[in-house]
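A.B. asks: Got a structure for you, written out below as structure tokens; questions coming shortly.
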Amino acid sequence: MPELGRAALLVTLGLSVYALVAGAAAAHMGRRRLALSAQNALVASFVTTAVAAAVLVAALLRNDFSFTYVARTTSDALPTAYTISAFWGGQEGSLLLWLLILTGFGAMAVRLNRGWARDLIVWVVPVFAAVSTFFAFLVVAVASPFATQAAPADGAGMTPSLQNPYMLVHPVLLYLGYVGLTVPFAFAMGALLSSRLDERWLIATRRWTLFAWAALGIGQLLGSHWAYVEVGWGGYYAWDPVENAALMPWLAATAFLHSVMIQEKRGMLRVWNVLLVILAFSLSLFGTFLTRSGVVNSIHSFTQSSIGPWFLAFIAVTVAVSLALVFWRLPQLRSPTKLESPVSREAAFLYNNLLLLALCLAILWGVVYPMLSEAVRGEAIVLGRSYYDFFLRAFGLPLLLLMGIGPLIAWRRASLRSLTTTFRGPTIVALVTGVALLFLGAGSSIPGLVAYTFSAFVLATIVMEFARGTRARRALGAASWPAAFGSLISRNRRRYGGYVVHAAIVMLAIGVAGSSAFDRVAEAKLAKGESMRIGDYTLVYRSLDERASSNATEIRATLDVIRGDRDLGTLRAGKNAYTIEQQVSNEVGIRSDRLTGEDLFVIAEQIDADGSVYFRVFVKPLVNLIWLAGLVFLIGSMITLWPDRREQRRLVARAAEVGIPATP
Amino acid sequence: MTLALVLAAALAVACVVAVALPFIREPEPESDDLADLGQGEQHRLELLETRDRALSALKELEFEHRTGTVSDEDYRAQLGPLRRDVAAALQALGRELREGRPPDERN
């Protein structure tokens with residue numbers, strides 16, 4: 001039923017245009033029924049987009065190759081799970097997913113806040129509608145998922161690297177993150193347009209921003225693990241433009257989540273916060289542009305298309321209009337309070353913001369430089385790994401240290417004596433750790449050693465904060481130590497959930513430093529029965545076998561793994577040759593040591609006809625901490641996202657005092 | 001094809017009804033004005049936010065002093081200004097409630 005899909009998207013476009021025009025007119029003229037009508041149009045646009053999405057899913061499941069999109073992204077032999085993931089595996093489908101999430105988030109955000117922020121919502125609706133109009137236009141006129149053709153006997157299949165369980169979740173999480181950043185943007189623009197620059201837009205969007213940020217963070221970690229196990233080059237992050245495209249809005253959103261606390265606690269940085277929201281949203285659009293336009297060469301960028309100019313134009317209009325609005329409302333955005341001391345929590349958060357932004361902009365420059373150099377000089381000059389690594393160390397290491405310092409300094413002003421007392425313990429822990437690691441041989445990488453030392457410092461401050469807080473709660477009357485600990489977290493979820501997230505970032509830093517600064521690599525061409533050594537591992541190549549799966553021929557080399565005198569079993573690495581797609585993928589062998597977090601990572605680079613195999617082998621210390629950090633990050637994010645009844649009651653009471661419906 | 005077109009037409013009609021619903025429910029309302037926050041309400045909201053911010057800062061200072069994150073010296077230095085902030089916010093709110101209008105409306 002491609003006609004139903006096309007018609008549903010056409011209705012979505014009509015509803016979005018109506019919500020934009022009617023919503024803006026209602027807000028400008030103060031017309032209640034027209035404003036409600038525009039809100040209904042936004043909600044209805046979600047329903048019509050969902051109908052279009054259902055049509056595409058049905059076509060995918062039926063292998064209806066009369067849909068050009070289905071024929072291009074799937075085949076009869078493709079397993080069902082990957083057939084469903086083809087929804088977001090191609091350009092048209094992923095744009096439809098953008099639109100589906102956008103209209104869904106828009107409808108939900110408007111319905112949840114239309115009571116207590118009604119004067120704000122009337123302007124939020126046309127902003128949402130403007131963004132959905134753009135995406136609806138793209139899927140109607142530029143990249144329709146419902147184009148049809150004479151059905152071929154079979155489809156072209158899916159890129160082999162996408163045939164991985166991670167692809168069922170990773171792209172969806174990234175899209176939830178990208179699109180989720182539209183919510184704070186729409187409310188910020190709504191606040192500017194309506195001149196309602198009180199705290200409500202921040203309160204209304206706080207959890208949305210956290211959700212989008214958490215989804216982007218988890219999505220990136222899953223993507224890194226996908227690259228690690230599937231792409232088969234021996235790493236997990238290559239500073240690829242499309243990887244960077246997801247990292248940049250995450251960094252901007254991280255900066256916003258910190259600076260928004262300064263606005264809430266001290267009433268400062270109001271212009272800065274709006275600018276960060278604009279930056280995060282623009283970068284999420286830029287990220288989608290990079291992934292979908294085919295403008296960059298990337299293992300993640302699967303398409304060449306004509307949507308690039310549309311995206312660039314939309315990003316340019318978004319940035320220009322947003323900045324014009326900020327400029328227009330500048331007098332109302334001025335903060336009544338000023339920074340009292342450079343040694344205070346707000347100052348530390350500001351330094352954190354500057355470093356995050358500097359890192360974000362350095363990465364942005366690295367991404368756009370090849371495009372600019374190609375446009376100006378006709379030659380794409382790619383900035384390599386050393387460029388990014390330099391800035392990661394230059395800005396990332398001070399950021400790591402600030403994670404330990406910031407939360408422990410007093411607001412407004414901190415005395416030298418107070419700083420000395422507070423940081424004495426963590427500093428001793430860090431120095432002892434650093435010296436011990438130096439003696440253990442970690443001095444071979446100074447940045448790695450510094451990262452470990454700073455990590456020890458931050459972990460010590462986190463443990464200290466939890467210990468002190470629990471002790472204080474116990475003294476305030478908690479029945480037991482576990483009760484005191486539970487009460488500490490439940491009474492300030494943002495703060496203590498934030499510490500858990502900080503612990504996750506520290507684990508990530510330790511994992512990255514360990515696996516990149518202290519890793520080892522060995523290469524050898526082995527015939528059956530021959531062996532190679534790496535560190536204290538010995539690998540013996542035993543056999544080569546081949547089997548046919550539903551959509552590929554799988555060739556695997558089996559190696560015995562011995563460490564010292566211990567036989568650790570076997571490891572298999574090889575290649576898959578995909579029949580329909582006519583492509584070959586590396587299938588790596590990984591042995592994880594759960595106790596030390598170390599991986600033995602084997603790539604069968606080349607398999608010769610005589611059965612000999614060229615192996616590349618890595619030993620990656622502590623790499624599993626990176627994946628464990630993802631779990632801790634998720635727990636911390638859930639703690640911060642969990643609804644806070646005390647805060648709700650406070651907001652209800654405040655709303656009641658002004659006489660507005662208290663339904664945040 | 002025909003079924004698809006019928007479904008598409010039904011979807012379009014349902015959307016038109018949803019969009020027109022506010023006008024169908026209230027063809028001749030007493031007032032069609034948006035119940036916007038008045039200047040007074042907006043001003044009071046901002047004062048309430050200032051009050052809550054000051055109270056929250058005071059509460060946080062107390063807790064951080066209790067945990068030891070804020071030293072006695074910093075606690076003593078900050079307690080006075082924070083209490084003054086709370087008092088000023090409460091006074092401004094009281095004035096606003098008594099007079100019922102923001103200063104710029106009274107002028």
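By order of appearance in the structure tokens: chains A, B, ..., then residues from 1 within every chain, and ligands from 1 in the order shown.
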With 9 Å as the limit and counting only C-alpha atoms, what residues in chain B lie close to chain A? Please list them as a compact mmCIF listing (two decimals) with C-alpha atoms, in the first residue's frame.

C.D. replies:
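So part.txt came out as:
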# COMPACT_ATOMS: atom_id res chain seq x y z
CA MET B 1 -5.17 0.48 -4.41
CA LEU B 3 -8.61 0.18 -0.12
CA ALA B 4 -5.46 2.27 0.33
CA LEU B 5 -7.18 5.35 -1.10
CA VAL B 6 -10.23 4.81 1.11
CA LEU B 7 -8.02 4.48 4.18
CA ALA B 8 -6.03 7.57 3.14
CA ALA B 9 -9.23 9.57 2.68
CA LEU B 11 -7.25 9.42 7.69
CA ALA B 12 -7.39 12.86 6.09
CA ALA B 14 -10.20 12.27 10.77
CA CYS B 15 -7.33 14.77 10.86
CA VAL B 16 -9.52 17.60 9.60
CA ALA B 18 -9.28 16.71 14.99
CA VAL B 19 -7.96 20.06 13.82
CA ALA B 20 -11.44 21.59 13.67
CA LEU B 21 -12.50 20.13 17.03
CA PRO B 22 -11.94 23.31 19.13
CA PHE B 23 -14.21 25.21 16.71
CA GLU B 26 -17.24 25.87 20.90
CA SER B 31 -14.22 34.55 24.90
CA ASP B 32 -11.66 33.32 22.39
CA ASP B 33 -8.77 35.12 24.05
CA LEU B 34 -5.75 33.13 25.15
CA ALA B 35 -5.65 32.98 28.94
CA ASP B 36 -2.18 34.47 28.98
CA LEU B 37 -0.26 35.19 32.15
CA GLU B 41 1.30 37.02 37.41
CA GLN B 42 4.54 36.93 35.47
CA ARG B 44 4.91 37.22 40.91
CA LEU B 45 6.19 34.05 39.27
CA GLU B 46 9.65 35.57 38.96
CA LEU B 48 8.52 33.15 43.66
CA GLU B 49 11.40 31.71 41.65
CA THR B 50 13.81 34.09 43.37
CA ASP B 52 12.66 29.36 46.01
CA ARG B 53 16.18 29.79 44.67
CA ALA B 54 17.28 31.62 47.82
CA SER B 56 17.11 26.18 48.19
CA ALA B 57 20.59 27.76 48.36
CA LEU B 61 24.47 25.31 52.34
CA PHE B 63 23.45 20.28 54.23
CA GLU B 64 26.87 20.79 52.69
CA ARG B 66 26.74 19.26 57.80
CA THR B 67 28.49 16.86 55.40
CA GLY B 68 31.74 18.80 55.63
CA THR B 69 31.83 19.84 51.98
CA VAL B 70 31.58 23.49 53.12
CA SER B 71 33.99 24.47 55.89
CA ASP B 72 32.93 26.43 59.00
CA GLU B 73 34.70 29.50 57.63
CA ASP B 74 32.88 29.40 54.26
CA TYR B 75 29.61 28.57 56.00
CA ALA B 77 30.82 33.83 55.29
CA GLN B 78 27.86 32.70 53.20

A.B. asks: Could you name the residues that touch Ser612 of chain A at 12 Å or less, counting only C-alpha atoms, but leaving out those on the same chain fewer than 3 positions away, as an NGL selection string?

C.D. replies: :A and (524-531 or 541-544 or 556-558 or 574 or 604-609 or 615)

A.B. asks: May I have the residues from that selection written out with C-alpha atoms, as a PDB file, in the first residue's frame?

C.D. replies:
ATOM      1  CA  ALA A 524      52.201 -12.846  11.743  1.00  0.00           C
ATOM      2  CA  LYS A 525      51.343 -15.101   8.824  1.00  0.00           C
ATOM      3  CA  LEU A 526      50.784 -18.586  10.219  1.00  0.00           C
ATOM      4  CA  ALA A 527      50.384 -21.991   8.603  1.00  0.00           C
ATOM      5  CA  LYS A 528      48.435 -24.635  10.505  1.00  0.00           C
ATOM      6  CA  GLY A 529      50.337 -25.739  13.609  1.00  0.00           C
ATOM      7  CA  GLU A 530      52.475 -22.585  13.780  1.00  0.00           C
ATOM      8  CA  SER A 531      52.301 -20.161  16.711  1.00  0.00           C
ATOM      9  CA  TYR A 541      46.782 -21.763  14.705  1.00  0.00           C
ATOM     10  CA  ARG A 542      44.983 -25.138  14.626  1.00  0.00           C
ATOM     11  CA  SER A 543      42.379 -25.316  11.855  1.00  0.00           C
ATOM     12  CA  LEU A 544      40.295 -23.552   9.235  1.00  0.00           C
ATOM     13  CA  ARG A 556      36.774 -19.369  10.649  1.00  0.00           C
ATOM     14  CA  ALA A 557      40.319 -20.005  11.818  1.00  0.00           C
ATOM     15  CA  THR A 558      40.604 -21.682  15.217  1.00  0.00           C
ATOM     16  CA  GLY A 574      37.638 -15.227  10.213  1.00  0.00           C
ATOM     17  CA  ALA A 604      42.180 -12.824  10.451  1.00  0.00           C
ATOM     18  CA  GLU A 605      43.343 -10.151   7.991  1.00  0.00           C
ATOM     19  CA  GLN A 606      43.976 -12.416   5.026  1.00  0.00           C
ATOM     20  CA  ILE A 607      43.092 -16.045   4.409  1.00  0.00           C
ATOM     21  CA  ASP A 608      45.136 -17.674   1.641  1.00  0.00           C
ATOM     22  CA  ALA A 609      44.103 -20.568  -0.578  1.00  0.00           C
ATOM     23  CA  PHE A 615      46.735 -12.618  11.797  1.00  0.00           C
TER      24      PHE A 615
END

A.B. asks: Do a neighbour search on segment 320-327 of chain A at 12 Å with only C-alpha atoms, toss out local chain neighbours closer than 2 positions, and write the hits as a PyMOL selection string.

C.D. replies: chain A and resi 127+130+185-195+197+270-279+281-282+313-318+329-334
